[in-house]
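Enquirer: What follows is run-v6.cif, made up of mmCIF, N, CA and C atoms:
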```cif
data_run
loop_
_atom_site.label_atom_id
_atom_site.label_comp_id
_atom_site.auth_asym_id
_atom_site.auth_seq_id
_atom_site.Cartn_x
_atom_site.Cartn_y
_atom_site.Cartn_z
N MET N 9 51.69 -8.23 9.26
CA MET N 9 50.44 -8.22 10.00
C MET N 9 49.29 -8.05 9.01
N ALA N 10 48.23 -8.75 9.25
CA ALA N 10 47.05 -8.72 8.38
C ALA N 10 46.33 -7.37 8.49
N LYS N 11 45.63 -7.02 7.42
CA LYS N 11 44.79 -5.82 7.45
C LYS N 11 43.43 -6.25 8.00
N VAL N 12 43.02 -5.59 9.10
CA VAL N 12 41.76 -5.94 9.76
C VAL N 12 40.83 -4.74 9.72
N GLU N 13 39.63 -4.97 9.20
CA GLU N 13 38.60 -3.93 9.13
C GLU N 13 37.37 -4.44 9.86
N VAL N 14 36.77 -3.56 10.67
CA VAL N 14 35.58 -3.94 11.42
C VAL N 14 34.53 -2.85 11.25
N TYR N 15 33.37 -3.23 10.73
CA TYR N 15 32.24 -2.31 10.63
C TYR N 15 31.49 -2.37 11.96
N THR N 16 31.26 -1.21 12.56
CA THR N 16 30.65 -1.14 13.89
C THR N 16 29.54 -0.10 13.92
N LYS N 17 28.78 -0.13 15.02
CA LYS N 17 27.79 0.91 15.33
C LYS N 17 28.02 1.37 16.77
N PHE N 18 27.64 2.60 17.04
CA PHE N 18 27.78 3.20 18.35
C PHE N 18 26.99 2.39 19.39
N LEU N 19 27.60 2.14 20.53
CA LEU N 19 27.02 1.43 21.67
C LEU N 19 26.63 -0.01 21.38
N CYS N 20 27.25 -0.63 20.43
CA CYS N 20 27.00 -2.04 20.11
C CYS N 20 27.88 -2.91 20.99
N PRO N 21 27.29 -3.71 21.89
CA PRO N 21 28.11 -4.54 22.78
C PRO N 21 28.89 -5.63 22.04
N PHE N 22 28.34 -6.14 20.96
CA PHE N 22 29.03 -7.16 20.17
C PHE N 22 30.23 -6.55 19.47
N CYS N 23 30.08 -5.32 19.00
CA CYS N 23 31.19 -4.61 18.38
C CYS N 23 32.31 -4.39 19.39
N ALA N 24 31.93 -3.97 20.59
CA ALA N 24 32.92 -3.73 21.64
C ALA N 24 33.66 -5.02 21.98
N ARG N 25 32.94 -6.14 22.01
CA ARG N 25 33.56 -7.42 22.34
C ARG N 25 34.56 -7.83 21.24
N ALA N 26 34.19 -7.65 19.99
CA ALA N 26 35.09 -7.99 18.89
C ALA N 26 36.33 -7.10 18.90
N MET N 27 36.13 -5.82 19.11
CA MET N 27 37.26 -4.88 19.15
C MET N 27 38.19 -5.20 20.31
N LYS N 28 37.63 -5.57 21.45
CA LYS N 28 38.44 -5.91 22.62
C LYS N 28 39.31 -7.13 22.33
N LEU N 29 38.74 -8.14 21.71
CA LEU N 29 39.49 -9.35 21.37
C LEU N 29 40.64 -9.02 20.41
N LEU N 30 40.33 -8.25 19.39
CA LEU N 30 41.36 -7.91 18.40
C LEU N 30 42.46 -7.05 19.01
N LYS N 31 42.10 -6.11 19.85
CA LYS N 31 43.11 -5.26 20.49
C LYS N 31 43.96 -6.07 21.47
N ALA N 32 43.35 -7.06 22.13
CA ALA N 32 44.11 -7.94 23.03
C ALA N 32 45.15 -8.75 22.26
N LYS N 33 44.87 -8.98 20.98
CA LYS N 33 45.81 -9.69 20.11
C LYS N 33 46.89 -8.75 19.57
N GLY N 34 46.79 -7.46 19.89
CA GLY N 34 47.77 -6.49 19.42
C GLY N 34 47.59 -6.08 17.97
N VAL N 35 46.40 -6.25 17.47
CA VAL N 35 46.11 -5.97 16.07
C VAL N 35 45.69 -4.52 15.89
N GLN N 36 46.22 -3.90 14.84
CA GLN N 36 45.75 -2.57 14.47
C GLN N 36 44.49 -2.76 13.64
N VAL N 37 43.39 -2.14 14.07
CA VAL N 37 42.09 -2.34 13.44
C VAL N 37 41.62 -1.04 12.81
N GLU N 38 41.13 -1.14 11.58
CA GLU N 38 40.45 -0.01 10.96
C GLU N 38 38.97 -0.16 11.29
N GLU N 39 38.48 0.70 12.17
CA GLU N 39 37.08 0.65 12.58
C GLU N 39 36.27 1.58 11.67
N ILE N 40 35.21 1.04 11.09
CA ILE N 40 34.37 1.78 10.18
C ILE N 40 32.99 1.90 10.82
N ASP N 41 32.64 3.10 11.27
CA ASP N 41 31.39 3.34 11.97
C ASP N 41 30.26 3.54 10.97
N ILE N 42 29.25 2.68 11.05
CA ILE N 42 28.10 2.80 10.15
C ILE N 42 26.83 3.17 10.90
N THR N 43 26.98 3.80 12.06
CA THR N 43 25.83 4.16 12.88
C THR N 43 24.80 4.96 12.10
N MET N 44 25.27 5.88 11.29
CA MET N 44 24.36 6.76 10.55
C MET N 44 24.00 6.21 9.17
N GLY N 45 24.42 4.99 8.88
CA GLY N 45 24.09 4.39 7.58
C GLY N 45 24.94 4.98 6.48
N GLY N 46 24.35 5.21 5.34
CA GLY N 46 25.03 5.85 4.24
C GLY N 46 25.90 4.92 3.42
N ALA N 47 26.88 5.52 2.76
CA ALA N 47 27.72 4.79 1.81
C ALA N 47 28.52 3.67 2.46
N LYS N 48 29.00 3.89 3.65
CA LYS N 48 29.80 2.85 4.33
C LYS N 48 28.94 1.64 4.71
N ARG N 49 27.68 1.88 5.06
CA ARG N 49 26.77 0.76 5.34
C ARG N 49 26.51 -0.03 4.06
N ALA N 50 26.29 0.68 2.97
CA ALA N 50 26.08 0.02 1.68
C ALA N 50 27.32 -0.79 1.29
N GLU N 51 28.49 -0.23 1.57
CA GLU N 51 29.74 -0.93 1.30
C GLU N 51 29.81 -2.23 2.11
N MET N 52 29.45 -2.15 3.40
CA MET N 52 29.47 -3.34 4.26
C MET N 52 28.51 -4.39 3.72
N LEU N 53 27.31 -3.99 3.34
CA LEU N 53 26.33 -4.94 2.82
C LEU N 53 26.85 -5.65 1.57
N ALA N 54 27.50 -4.90 0.70
CA ALA N 54 28.05 -5.49 -0.52
C ALA N 54 29.18 -6.47 -0.20
N ARG N 55 30.03 -6.11 0.73
CA ARG N 55 31.18 -6.96 1.07
C ARG N 55 30.79 -8.19 1.88
N SER N 56 29.70 -8.10 2.63
CA SER N 56 29.32 -9.18 3.54
C SER N 56 28.18 -10.05 3.00
N ASP N 57 27.95 -9.97 1.70
CA ASP N 57 26.86 -10.74 1.07
C ASP N 57 25.50 -10.43 1.69
N GLY N 58 25.28 -9.16 2.01
CA GLY N 58 23.98 -8.72 2.51
C GLY N 58 23.76 -8.85 4.00
N ARG N 59 24.76 -9.28 4.75
CA ARG N 59 24.59 -9.37 6.20
C ARG N 59 24.40 -7.97 6.77
N THR N 60 23.39 -7.83 7.63
CA THR N 60 23.07 -6.50 8.16
C THR N 60 23.51 -6.31 9.60
N THR N 61 23.94 -7.37 10.26
CA THR N 61 24.32 -7.25 11.67
C THR N 61 25.75 -6.73 11.79
N VAL N 62 26.01 -6.09 12.92
CA VAL N 62 27.36 -5.63 13.22
C VAL N 62 27.81 -6.30 14.51
N PRO N 63 29.10 -6.49 14.65
CA PRO N 63 30.14 -6.08 13.71
C PRO N 63 30.23 -7.04 12.52
N GLN N 64 30.84 -6.56 11.48
CA GLN N 64 31.27 -7.40 10.36
C GLN N 64 32.78 -7.25 10.29
N VAL N 65 33.47 -8.36 10.44
CA VAL N 65 34.93 -8.36 10.52
C VAL N 65 35.52 -8.89 9.21
N PHE N 66 36.52 -8.18 8.70
CA PHE N 66 37.23 -8.60 7.50
C PHE N 66 38.72 -8.65 7.81
N ILE N 67 39.34 -9.77 7.47
CA ILE N 67 40.78 -9.92 7.64
C ILE N 67 41.38 -10.15 6.27
N ASP N 68 42.25 -9.22 5.87
CA ASP N 68 42.83 -9.23 4.52
C ASP N 68 41.75 -9.35 3.45
N GLY N 69 40.64 -8.63 3.65
CA GLY N 69 39.57 -8.57 2.66
C GLY N 69 38.60 -9.73 2.70
N VAL N 70 38.84 -10.71 3.55
CA VAL N 70 37.96 -11.88 3.64
C VAL N 70 36.99 -11.69 4.80
N GLY N 71 35.70 -11.86 4.53
CA GLY N 71 34.68 -11.72 5.57
C GLY N 71 34.75 -12.86 6.56
N ILE N 72 34.92 -12.52 7.83
CA ILE N 72 35.01 -13.50 8.90
C ILE N 72 33.63 -13.70 9.53
N GLY N 73 32.82 -12.66 9.53
CA GLY N 73 31.51 -12.71 10.17
C GLY N 73 31.47 -11.72 11.32
N GLY N 74 30.72 -12.08 12.36
CA GLY N 74 30.54 -11.19 13.49
C GLY N 74 31.37 -11.57 14.70
N SER N 75 30.97 -11.04 15.82
CA SER N 75 31.69 -11.23 17.08
C SER N 75 31.76 -12.70 17.48
N ASP N 76 30.65 -13.42 17.37
CA ASP N 76 30.63 -14.83 17.74
C ASP N 76 31.54 -15.65 16.82
N ASP N 77 31.54 -15.31 15.54
CA ASP N 77 32.39 -16.02 14.58
C ASP N 77 33.86 -15.78 14.89
N LEU N 78 34.18 -14.54 15.24
CA LEU N 78 35.55 -14.17 15.58
C LEU N 78 36.01 -14.93 16.83
N ALA N 79 35.15 -14.97 17.85
CA ALA N 79 35.48 -15.68 19.09
C ALA N 79 35.63 -17.18 18.84
N ALA N 80 34.80 -17.74 17.97
CA ALA N 80 34.89 -19.17 17.66
C ALA N 80 36.22 -19.48 16.96
N LEU N 81 36.64 -18.61 16.04
CA LEU N 81 37.93 -18.79 15.39
C LEU N 81 39.06 -18.77 16.42
N ASP N 82 38.96 -17.86 17.38
CA ASP N 82 39.98 -17.76 18.41
C ASP N 82 40.02 -19.02 19.27
N ARG N 83 38.86 -19.50 19.70
CA ARG N 83 38.79 -20.71 20.53
C ARG N 83 39.37 -21.93 19.79
N ALA N 84 39.16 -21.96 18.48
CA ALA N 84 39.63 -23.08 17.67
C ALA N 84 41.11 -22.95 17.31
N GLY N 85 41.74 -21.84 17.71
CA GLY N 85 43.15 -21.65 17.40
C GLY N 85 43.40 -21.21 15.97
N LYS N 86 42.36 -20.76 15.28
CA LYS N 86 42.49 -20.38 13.87
C LYS N 86 42.61 -18.89 13.63
N LEU N 87 42.41 -18.07 14.67
CA LEU N 87 42.46 -16.63 14.49
C LEU N 87 43.89 -16.11 14.36
N ASP N 88 44.78 -16.56 15.23
CA ASP N 88 46.16 -16.07 15.22
C ASP N 88 46.85 -16.26 13.85
N PRO N 89 46.70 -17.42 13.21
CA PRO N 89 47.32 -17.56 11.88
C PRO N 89 46.75 -16.58 10.85
N LEU N 90 45.46 -16.26 10.95
CA LEU N 90 44.88 -15.30 10.03
C LEU N 90 45.43 -13.89 10.25
N LEU N 91 45.75 -13.59 11.50
CA LEU N 91 46.23 -12.25 11.85
C LEU N 91 47.72 -12.06 11.58
N ALA N 92 48.45 -13.15 11.41
CA ALA N 92 49.91 -13.08 11.23
C ALA N 92 50.29 -12.44 9.91
#
```
What does this structure look like when you write it as structure tokens?
Expert:
Amino acid sequence: MAKVEVYTKFLCPFCARAMKLLKAKGVQVEEIDITMGGAKRAEMLARSDGRTTVPQVFIDGVGIGGSDDLAALDRAGKLDPLLA
């Protein structure tokens, strides 16, 4: 199973949508809360080429993007192979 990391913020509906999709796939997700900023937010910015929106999803260390990107991968049938 792939390593999945998701940077999120408290009460973010897009974060909730991404987490729901991943959990529906039976994936164990490492959720990294950056609500208060700090070192983890700086880490996300460095890993995501400066993207500031959440969620930021990483599968096996590769940046997938946000909730819409994740859903688009799923619709295209490309998410399941990444998660395997």
Enquirer: Within 9 Å of (33.7, 0.5, 14.4) in the file's own coordinates, which protein, DNA or RNA residues have an atom, counting only C-alpha atoms? List them as a list of chain:residue names.
Expert: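 Here is the list of nearby residues: N:Glu13, N:Val14, N:Tyr15, N:Thr16, N:Lys17, N:Phe18, N:Cys23, N:Ala24, N:Met27, N:Val37, N:Glu38, N:Glu39, N:Ile40, N:Asp41, N:Ile42, N:Thr43, N:Val62, N:Pro63.
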Enquirer: With all atoms of stretch 70-77 of chain N from the file as input, state the centre and edge lengths in Å to one decimal of the axis-aligned box that has 3 Å extra on each side, as JSON.
Expert:
```
{"center_x": 34.7, "center_y": -13.4, "center_z": 10.6, "size_x": 14.3, "size_y": 11.3, "size_z": 20.2}
```
Enquirer: Could you give me, as a list in words, each residue of chain N that DSSP assigns to strand (DSSP E or B) when run on this structure's backbone?
Expert: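 Output for chain N, strand (DSSP E or B) only: Val12, Glu13, Val14, Tyr15, Thr16, Val37, Glu38, Glu39, Ile40, Asp41, Gln64, Val65, Phe66, Ile67, Val70, Gly71, Ile72 and Gly73 of chain N.
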Enquirer: How many Å separate atom CA of N:Met9 from atom CA of N:Ala92?
Expert: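 Computing the Euclidean distance for atom CA of N:Met9 and atom CA of N:Ala92 yields 5.0 Å.
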Enquirer: Can you list, as an MDAnalysis selection string, the residues that the PyMOL selection byres (((chain N and resi 84-91 and name CA) around 9) and name CA) selects here?
Expert: chainID N and resid 9:12 33 35 67:68 78:83 92
Enquirer: One number please: atom N of N:Ser75 to atom CA of N:Ala26, in Å, one decimal.
Expert: 6.0 Å
Enquirer: For the atom pair atom CA of N:Leu53 and atom CA of N:Gly34, what is the interatomic distance in Å to one decimal place?
Expert: 27.2 Å
Enquirer: Going by DSSP on the backbone, which bits of chain N are alpha helix (DSSP H)? Write them as JSON, numbers by chain, please.
Expert: {"N": [21, 22, 23, 24, 25, 26, 27, 28, 29, 30, 31, 32, 47, 48, 49, 50, 51, 52, 53, 54, 55, 75, 76, 77, 78, 79, 80, 81, 82, 83, 87, 88, 89, 90, 91]}
Enquirer: Once you count only C-alpha atoms, which residues end up no further than 7 Å from (31.9, -4.8, 6.3) in the file's frame, shown as a VMD selection string?
Expert: chain N and resid 14 to 15 51 to 53 55 to 56 64 to 66
Enquirer: Put stretch 42-59 of chain N into a file with N, CA and C atoms, as a tab-separated table (two decimals), in the first residue's frame.
Expert:
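Now in decode.tsv:
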```
chain	number	residue	atom	x	y	z
N	42	ILE	N	-2.00	21.77	9.54
N	42	ILE	CA	-1.20	22.99	9.49
N	42	ILE	C	-2.03	24.23	9.85
N	43	THR	N	-3.11	24.02	10.59
N	43	THR	CA	-4.00	25.11	10.96
N	43	THR	C	-3.24	26.27	11.61
N	44	MET	N	-2.32	25.94	12.48
N	44	MET	CA	-1.59	26.97	13.22
N	44	MET	C	-0.30	27.41	12.52
N	45	GLY	N	-0.08	26.92	11.30
N	45	GLY	CA	1.12	27.32	10.57
N	45	GLY	C	2.34	26.61	11.10
N	46	GLY	N	3.44	27.31	11.19
N	46	GLY	CA	4.65	26.77	11.76
N	46	GLY	C	5.47	25.91	10.81
N	47	ALA	N	6.26	25.04	11.40
N	47	ALA	CA	7.22	24.23	10.65
N	47	ALA	C	6.54	23.30	9.65
N	48	LYS	N	5.42	22.73	10.01
N	48	LYS	CA	4.73	21.81	9.10
N	48	LYS	C	4.17	22.54	7.88
N	49	ARG	N	3.73	23.78	8.06
N	49	ARG	CA	3.26	24.57	6.92
N	49	ARG	C	4.44	24.89	6.00
N	50	ALA	N	5.57	25.25	6.58
N	50	ALA	CA	6.77	25.52	5.79
N	50	ALA	C	7.20	24.26	5.03
N	51	GLU	N	7.07	23.11	5.69
N	51	GLU	CA	7.39	21.84	5.04
N	51	GLU	C	6.47	21.61	3.84
N	52	MET	N	5.17	21.86	4.02
N	52	MET	CA	4.22	21.69	2.92
N	52	MET	C	4.57	22.60	1.76
N	53	LEU	N	4.87	23.86	2.05
N	53	LEU	CA	5.21	24.81	0.99
N	53	LEU	C	6.43	24.35	0.20
N	54	ALA	N	7.42	23.83	0.90
N	54	ALA	CA	8.63	23.34	0.23
N	54	ALA	C	8.33	22.12	-0.64
N	55	ARG	N	7.51	21.22	-0.14
N	55	ARG	CA	7.20	19.99	-0.86
N	55	ARG	C	6.26	20.21	-2.03
N	56	SER	N	5.42	21.24	-1.94
N	56	SER	CA	4.39	21.46	-2.96
N	56	SER	C	4.75	22.58	-3.95
N	57	ASP	N	6.01	22.92	-4.01
N	57	ASP	CA	6.47	24.00	-4.91
N	57	ASP	C	5.76	25.32	-4.63
N	58	GLY	N	5.53	25.61	-3.35
N	58	GLY	CA	4.96	26.89	-2.95
N	58	GLY	C	3.46	26.98	-2.95
N	59	ARG	N	2.77	25.89	-3.24
N	59	ARG	CA	1.30	25.93	-3.20
N	59	ARG	C	0.85	26.17	-1.77
```
